[in-house]
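Please read the structure below before turning to the comments.
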Amino acid sequence: MRHEDYKQLLALEAVGALESDERGALHGHLPSCAECREELRELTDAASALVYTVAPVVPPPALREHILERVRAAGLAEAPVDPSEALDRSGALGGSRRAAASGGGRTPAVAPEPRSVLRGFSLWQLLAGRPALGFGAAAAAIAVLLLGATTLSLWGRNQALSAEVSRLYDRLRATEGELAGQREQLASARDVSDLLAAPGVRVAELTGKQPAPGARATLAYDHSTGRALVMATGLPPCPAGHAYQLWLIADKKPLPGGTFKADAEGRARLSDRLPQGFSAPAFAVTLEREGGVPAPQGDVYLLGSAS
Ligand SMILES: [Zn+2]
């Protein structure tokens, strides 16, 4: 026999269905063929696992009938065979009556050799056909395998969905951040346009003093409401614990305004409410303690008066 012939015997050997001569031949081949040894080991493991998986149960009648039909169709007659008929078909003996009288059974020439039929069945079918296992064992084993495959598939889908949800959540967060930034810009642009459209608004140009000679600021101030807006450039970053503070100077007296910080490029912006009613005040920006102070103490960084 060739390697391919031995391979056909492996499934039968795994379920103990080989006859002694074939088993002997197979075991003569195994020591010299690693592939057959490995496949036999796998099949035997699978068969053993099935034996211990579930207790045998009675198959549903319809399933049993279906399997038996297939077996009959394959020549493994389940129904009793009339020996005389078998002998007539064989034609091996002249007198059928004589053969019948002698009580001869099926001859190998008539019924297909059982194991050649068995070879046409898969391991699953063979296991299902073993009386000790029953149909239920094989069916349950297949159900367990399907359940395992379904679980794996669901787990995979769950992983994919989790990743998708997390990705969408990140995008939502980013979009929310962008929206908040745009809303803030829009609000401040509206502030500027509202302020500049007010009838009594005055604009002051503030110039840099000794600590930051290159600094500049434009200040819009509505004396009737006290609303003020400062846009500055060229300011150095504030030291830790400090902030720039705006002052309205009227009658040589500084009145405190809000505090602000410059960004990395030296730009700063402040929307503020200052004391109202002063039509031509001067403005200053000093560096003070963070949070602001009631009277200026630090260096003056910007100074100018309303036009
Ligand atoms: Zn082999």
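Ordered as shown in the structure tokens, chains take letters A, B, and onward, while each chain numbers its residues from 1 and ligands are numbered from 1 in the order shown.
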All strand (DSSP E) residues (DSSP, backbone) inside segment 156-231 of chain A, as a list in words | Val201, Arg202, Val203, Ala204, Glu205, Leu206, Thr207, Gly208, Arg216, Ala217, Thr218, Leu219, Ala220, Tyr221, Asp222, Arg227, Ala228, Leu229, Val230 and Met231 of chain A
Find the residues near ligand 1. Use a cut-off of 7 Å, count only C-alpha atoms and all ligand atoms, and write them as an MDAnalysis selection string.
-> chainID A and resid 3:4 6:7 29:30 33:36
File dump, residues just selected, all heavy atoms, as a short mmCIF file (atom, residue, chain, number, x, y, z; two decimals), in the first residue's frame:
```cif
data_model
loop_
_atom_site.label_atom_id
_atom_site.label_comp_id
_atom_site.auth_asym_id
_atom_site.auth_seq_id
_atom_site.Cartn_x
_atom_site.Cartn_y
_atom_site.Cartn_z
N HIS A 3 1.33 5.50 0.72
CA HIS A 3 1.04 6.46 1.80
C HIS A 3 -0.43 6.91 1.76
O HIS A 3 -1.10 6.98 2.80
CB HIS A 3 2.00 7.66 1.65
CG HIS A 3 1.61 8.86 2.44
ND1 HIS A 3 1.74 8.91 3.81
CD2 HIS A 3 1.10 10.06 2.05
CE1 HIS A 3 1.32 10.10 4.23
NE2 HIS A 3 0.92 10.81 3.18
N GLU A 4 -0.95 7.21 0.54
CA GLU A 4 -2.33 7.67 0.41
C GLU A 4 -3.31 6.60 0.89
O GLU A 4 -4.35 6.93 1.48
CB GLU A 4 -2.66 8.03 -1.06
CG GLU A 4 -2.05 9.35 -1.52
CD GLU A 4 -0.54 9.29 -1.66
OE1 GLU A 4 -0.02 8.17 -1.93
OE2 GLU A 4 0.12 10.34 -1.48
N TYR A 6 -2.71 4.34 3.21
CA TYR A 6 -2.65 4.31 4.68
C TYR A 6 -3.44 5.47 5.28
O TYR A 6 -4.10 5.34 6.30
CB TYR A 6 -1.19 4.37 5.15
CG TYR A 6 -0.44 3.07 4.90
CD1 TYR A 6 0.64 3.03 4.04
CD2 TYR A 6 -0.83 1.88 5.55
CE1 TYR A 6 1.31 1.84 3.80
CE2 TYR A 6 -0.15 0.70 5.31
CZ TYR A 6 0.93 0.68 4.44
OH TYR A 6 1.59 -0.48 4.22
N LYS A 7 -3.36 6.63 4.60
CA LYS A 7 -4.06 7.82 5.13
C LYS A 7 -5.56 7.56 5.24
O LYS A 7 -6.22 8.05 6.15
CB LYS A 7 -3.81 9.03 4.22
CG LYS A 7 -2.51 9.71 4.51
CD LYS A 7 -2.45 11.09 3.88
CE LYS A 7 -3.31 12.08 4.65
NZ LYS A 7 -2.85 13.46 4.48
N HIS A 29 3.47 0.86 8.77
CA HIS A 29 3.79 2.08 7.99
C HIS A 29 4.12 3.26 8.90
O HIS A 29 4.98 4.08 8.60
CB HIS A 29 2.58 2.43 7.10
CG HIS A 29 2.68 3.76 6.43
ND1 HIS A 29 3.60 4.03 5.43
CD2 HIS A 29 1.98 4.91 6.63
CE1 HIS A 29 3.45 5.29 5.04
NE2 HIS A 29 2.47 5.85 5.76
N LEU A 30 3.42 3.34 10.04
CA LEU A 30 3.52 4.52 10.91
C LEU A 30 4.95 4.90 11.33
O LEU A 30 5.30 6.07 11.28
CB LEU A 30 2.63 4.33 12.16
CG LEU A 30 1.13 4.48 11.92
CD1 LEU A 30 0.35 4.21 13.20
CD2 LEU A 30 0.80 5.87 11.39
N CYS A 33 6.46 7.14 8.80
CA CYS A 33 5.74 8.27 8.20
C CYS A 33 5.23 9.22 9.30
O CYS A 33 4.25 8.94 9.98
CB CYS A 33 4.56 7.77 7.37
SG CYS A 33 3.66 9.13 6.58
N ALA A 34 5.91 10.34 9.42
CA ALA A 34 5.56 11.32 10.45
C ALA A 34 4.19 11.94 10.19
O ALA A 34 3.43 12.21 11.12
CB ALA A 34 6.62 12.42 10.50
N GLU A 35 3.86 12.14 8.92
CA GLU A 35 2.59 12.78 8.57
C GLU A 35 1.41 11.93 9.05
O GLU A 35 0.47 12.43 9.66
CB GLU A 35 2.52 13.00 7.06
CG GLU A 35 1.30 13.81 6.63
CD GLU A 35 1.19 13.93 5.11
OE1 GLU A 35 2.23 13.91 4.44
OE2 GLU A 35 0.05 14.03 4.63
N CYS A 36 1.47 10.63 8.77
CA CYS A 36 0.39 9.72 9.18
C CYS A 36 0.33 9.64 10.71
O CYS A 36 -0.76 9.62 11.28
CB CYS A 36 0.58 8.32 8.59
SG CYS A 36 0.16 8.26 6.84
#
```
Name the closest residue to Phe278 of chain A among the candidates A:Lys261, A:Lys253, A:Arg70, A:Arg173; distances are taken between atoms, counting only C-alpha atoms.
->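 Smallest distance to Phe278 of chain A is found for A:Lys253.
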Find the spatial neighbours of segment 37-43 of chain A, counting only C-alpha atoms, within a cut-off of 8 Å - ignore same-chain residues fewer than 3 positions away - and output them as a PyMOL selection string.
-> chain A and resi 10-11+13-14+30-31+33-34+46-47
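Counting only C-alpha atoms, segment 285-302 of chain A has the following residues at most 7 Å away, ignoring those fewer than 3 positions along the same chain: Leu206, Thr207, Gly208, Lys209, Gln210, Pro211, Ala212, Gly241, His242, Ala243, Tyr244, Gln245, Leu246, Trp247, Pro256 and Thr259 of chain A.
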Polymer residues at most 10 Å from Gly266 of chain A, only C-alpha atoms, same-chain spacing of 3 or more positions, as number ranges by chain | A: 215, 232-238, 261-263
Expected file: the selected residues, N, CA, C and O atoms, as a PDB file, in the first residue's frame:
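Here's the written file part_12.pdb:
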```pdb
ATOM      1  N   ALA A 215       6.160  96.597  22.478  1.00  0.00           N
ATOM      2  CA  ALA A 215       4.757  96.221  22.678  1.00  0.00           C
ATOM      3  C   ALA A 215       3.824  97.313  22.164  1.00  0.00           C
ATOM      4  O   ALA A 215       4.168  98.485  22.165  1.00  0.00           O
ATOM      5  N   ALA A 232      -3.448  93.373  22.392  1.00  0.00           N
ATOM      6  CA  ALA A 232      -2.039  93.756  22.520  1.00  0.00           C
ATOM      7  C   ALA A 232      -1.137  92.784  21.764  1.00  0.00           C
ATOM      8  O   ALA A 232      -1.490  91.622  21.569  1.00  0.00           O
ATOM      9  N   THR A 233       0.036  93.286  21.321  1.00  0.00           N
ATOM     10  CA  THR A 233       1.062  92.420  20.711  1.00  0.00           C
ATOM     11  C   THR A 233       2.408  92.797  21.306  1.00  0.00           C
ATOM     12  O   THR A 233       2.568  93.885  21.880  1.00  0.00           O
ATOM     13  N   GLY A 234       3.375  91.890  21.188  1.00  0.00           N
ATOM     14  CA  GLY A 234       4.753  92.169  21.595  1.00  0.00           C
ATOM     15  C   GLY A 234       4.980  92.162  23.089  1.00  0.00           C
ATOM     16  O   GLY A 234       5.998  92.656  23.565  1.00  0.00           O
ATOM     17  N   LEU A 235       4.039  91.571  23.854  1.00  0.00           N
ATOM     18  CA  LEU A 235       4.221  91.517  25.309  1.00  0.00           C
ATOM     19  C   LEU A 235       5.049  90.287  25.695  1.00  0.00           C
ATOM     20  O   LEU A 235       4.823  89.199  25.168  1.00  0.00           O
ATOM     21  N   PRO A 236       6.006  90.433  26.606  1.00  0.00           N
ATOM     22  CA  PRO A 236       6.740  89.253  27.066  1.00  0.00           C
ATOM     23  C   PRO A 236       5.838  88.360  27.913  1.00  0.00           C
ATOM     24  O   PRO A 236       4.843  88.856  28.465  1.00  0.00           O
ATOM     25  N   PRO A 237       6.142  87.064  27.989  1.00  0.00           N
ATOM     26  CA  PRO A 237       5.326  86.181  28.825  1.00  0.00           C
ATOM     27  C   PRO A 237       5.389  86.617  30.293  1.00  0.00           C
ATOM     28  O   PRO A 237       6.431  87.088  30.742  1.00  0.00           O
ATOM     29  N   CYS A 238       4.268  86.463  31.004  1.00  0.00           N
ATOM     30  CA  CYS A 238       4.255  86.856  32.414  1.00  0.00           C
ATOM     31  C   CYS A 238       5.066  85.880  33.252  1.00  0.00           C
ATOM     32  O   CYS A 238       4.958  84.672  33.052  1.00  0.00           O
ATOM     33  N   LYS A 261      -3.143  87.611  30.394  1.00  0.00           N
ATOM     34  CA  LYS A 261      -1.796  87.097  30.140  1.00  0.00           C
ATOM     35  C   LYS A 261      -1.547  87.095  28.637  1.00  0.00           C
ATOM     36  O   LYS A 261      -2.494  87.033  27.849  1.00  0.00           O
ATOM     37  N   ALA A 262      -0.279  87.128  28.276  1.00  0.00           N
ATOM     38  CA  ALA A 262       0.086  87.073  26.858  1.00  0.00           C
ATOM     39  C   ALA A 262       0.326  85.622  26.450  1.00  0.00           C
ATOM     40  O   ALA A 262       0.763  84.811  27.266  1.00  0.00           O
ATOM     41  N   ASP A 263       0.031  85.282  25.186  1.00  0.00           N
ATOM     42  CA  ASP A 263       0.309  83.916  24.719  1.00  0.00           C
ATOM     43  C   ASP A 263       1.781  83.801  24.299  1.00  0.00           C
ATOM     44  O   ASP A 263       2.556  84.753  24.455  1.00  0.00           O
TER      45      ASP A 263
END
```
Which polymer residues have any atom within 7 Å of an atom of Ser305 of chain A, counting only C-alpha atoms, with same-chain residues fewer than 5 positions away left out, as a list of chain:residue names?
-> A:Ala204, A:Glu205, A:Pro281, A:Ala282, A:Phe283
Written selection (C-alpha atoms) as a PDB file, in the first residue's frame:
```pdb
ATOM      1  CA  ALA A 204      -6.764 104.546  22.202  1.00  0.00           C
ATOM      2  CA  GLU A 205      -3.352 103.455  20.873  1.00  0.00           C
ATOM      3  CA  PRO A 281      -9.279 108.993  30.080  1.00  0.00           C
ATOM      4  CA  ALA A 282      -5.769 107.596  29.686  1.00  0.00           C
ATOM      5  CA  PHE A 283      -5.002 103.878  29.926  1.00  0.00           C
TER       6      PHE A 283
END
```
Could you please determine the separation between atom CA of Val201 of chain A and atom CA of Ala217 of chain A in Å, to one decimal place?
->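 Value for the atom CA of Val201 of chain A-atom CA of Ala217 of chain A distance: 16.3 Å.
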Distance in Å - atom CA of Glu176 of chain A versus atom CA of Gln159 of chain A =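 Going from atom CA of Glu176 of chain A over to atom CA of Gln159 of chain A, I get 25.7 Å.
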How many Å separate atom CA of Ala197 of chain A from atom CA of Leu248 of chain A?
->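 For atom CA of Ala197 of chain A relative to atom CA of Leu248 of chain A, the distance reads 21.4 Å.
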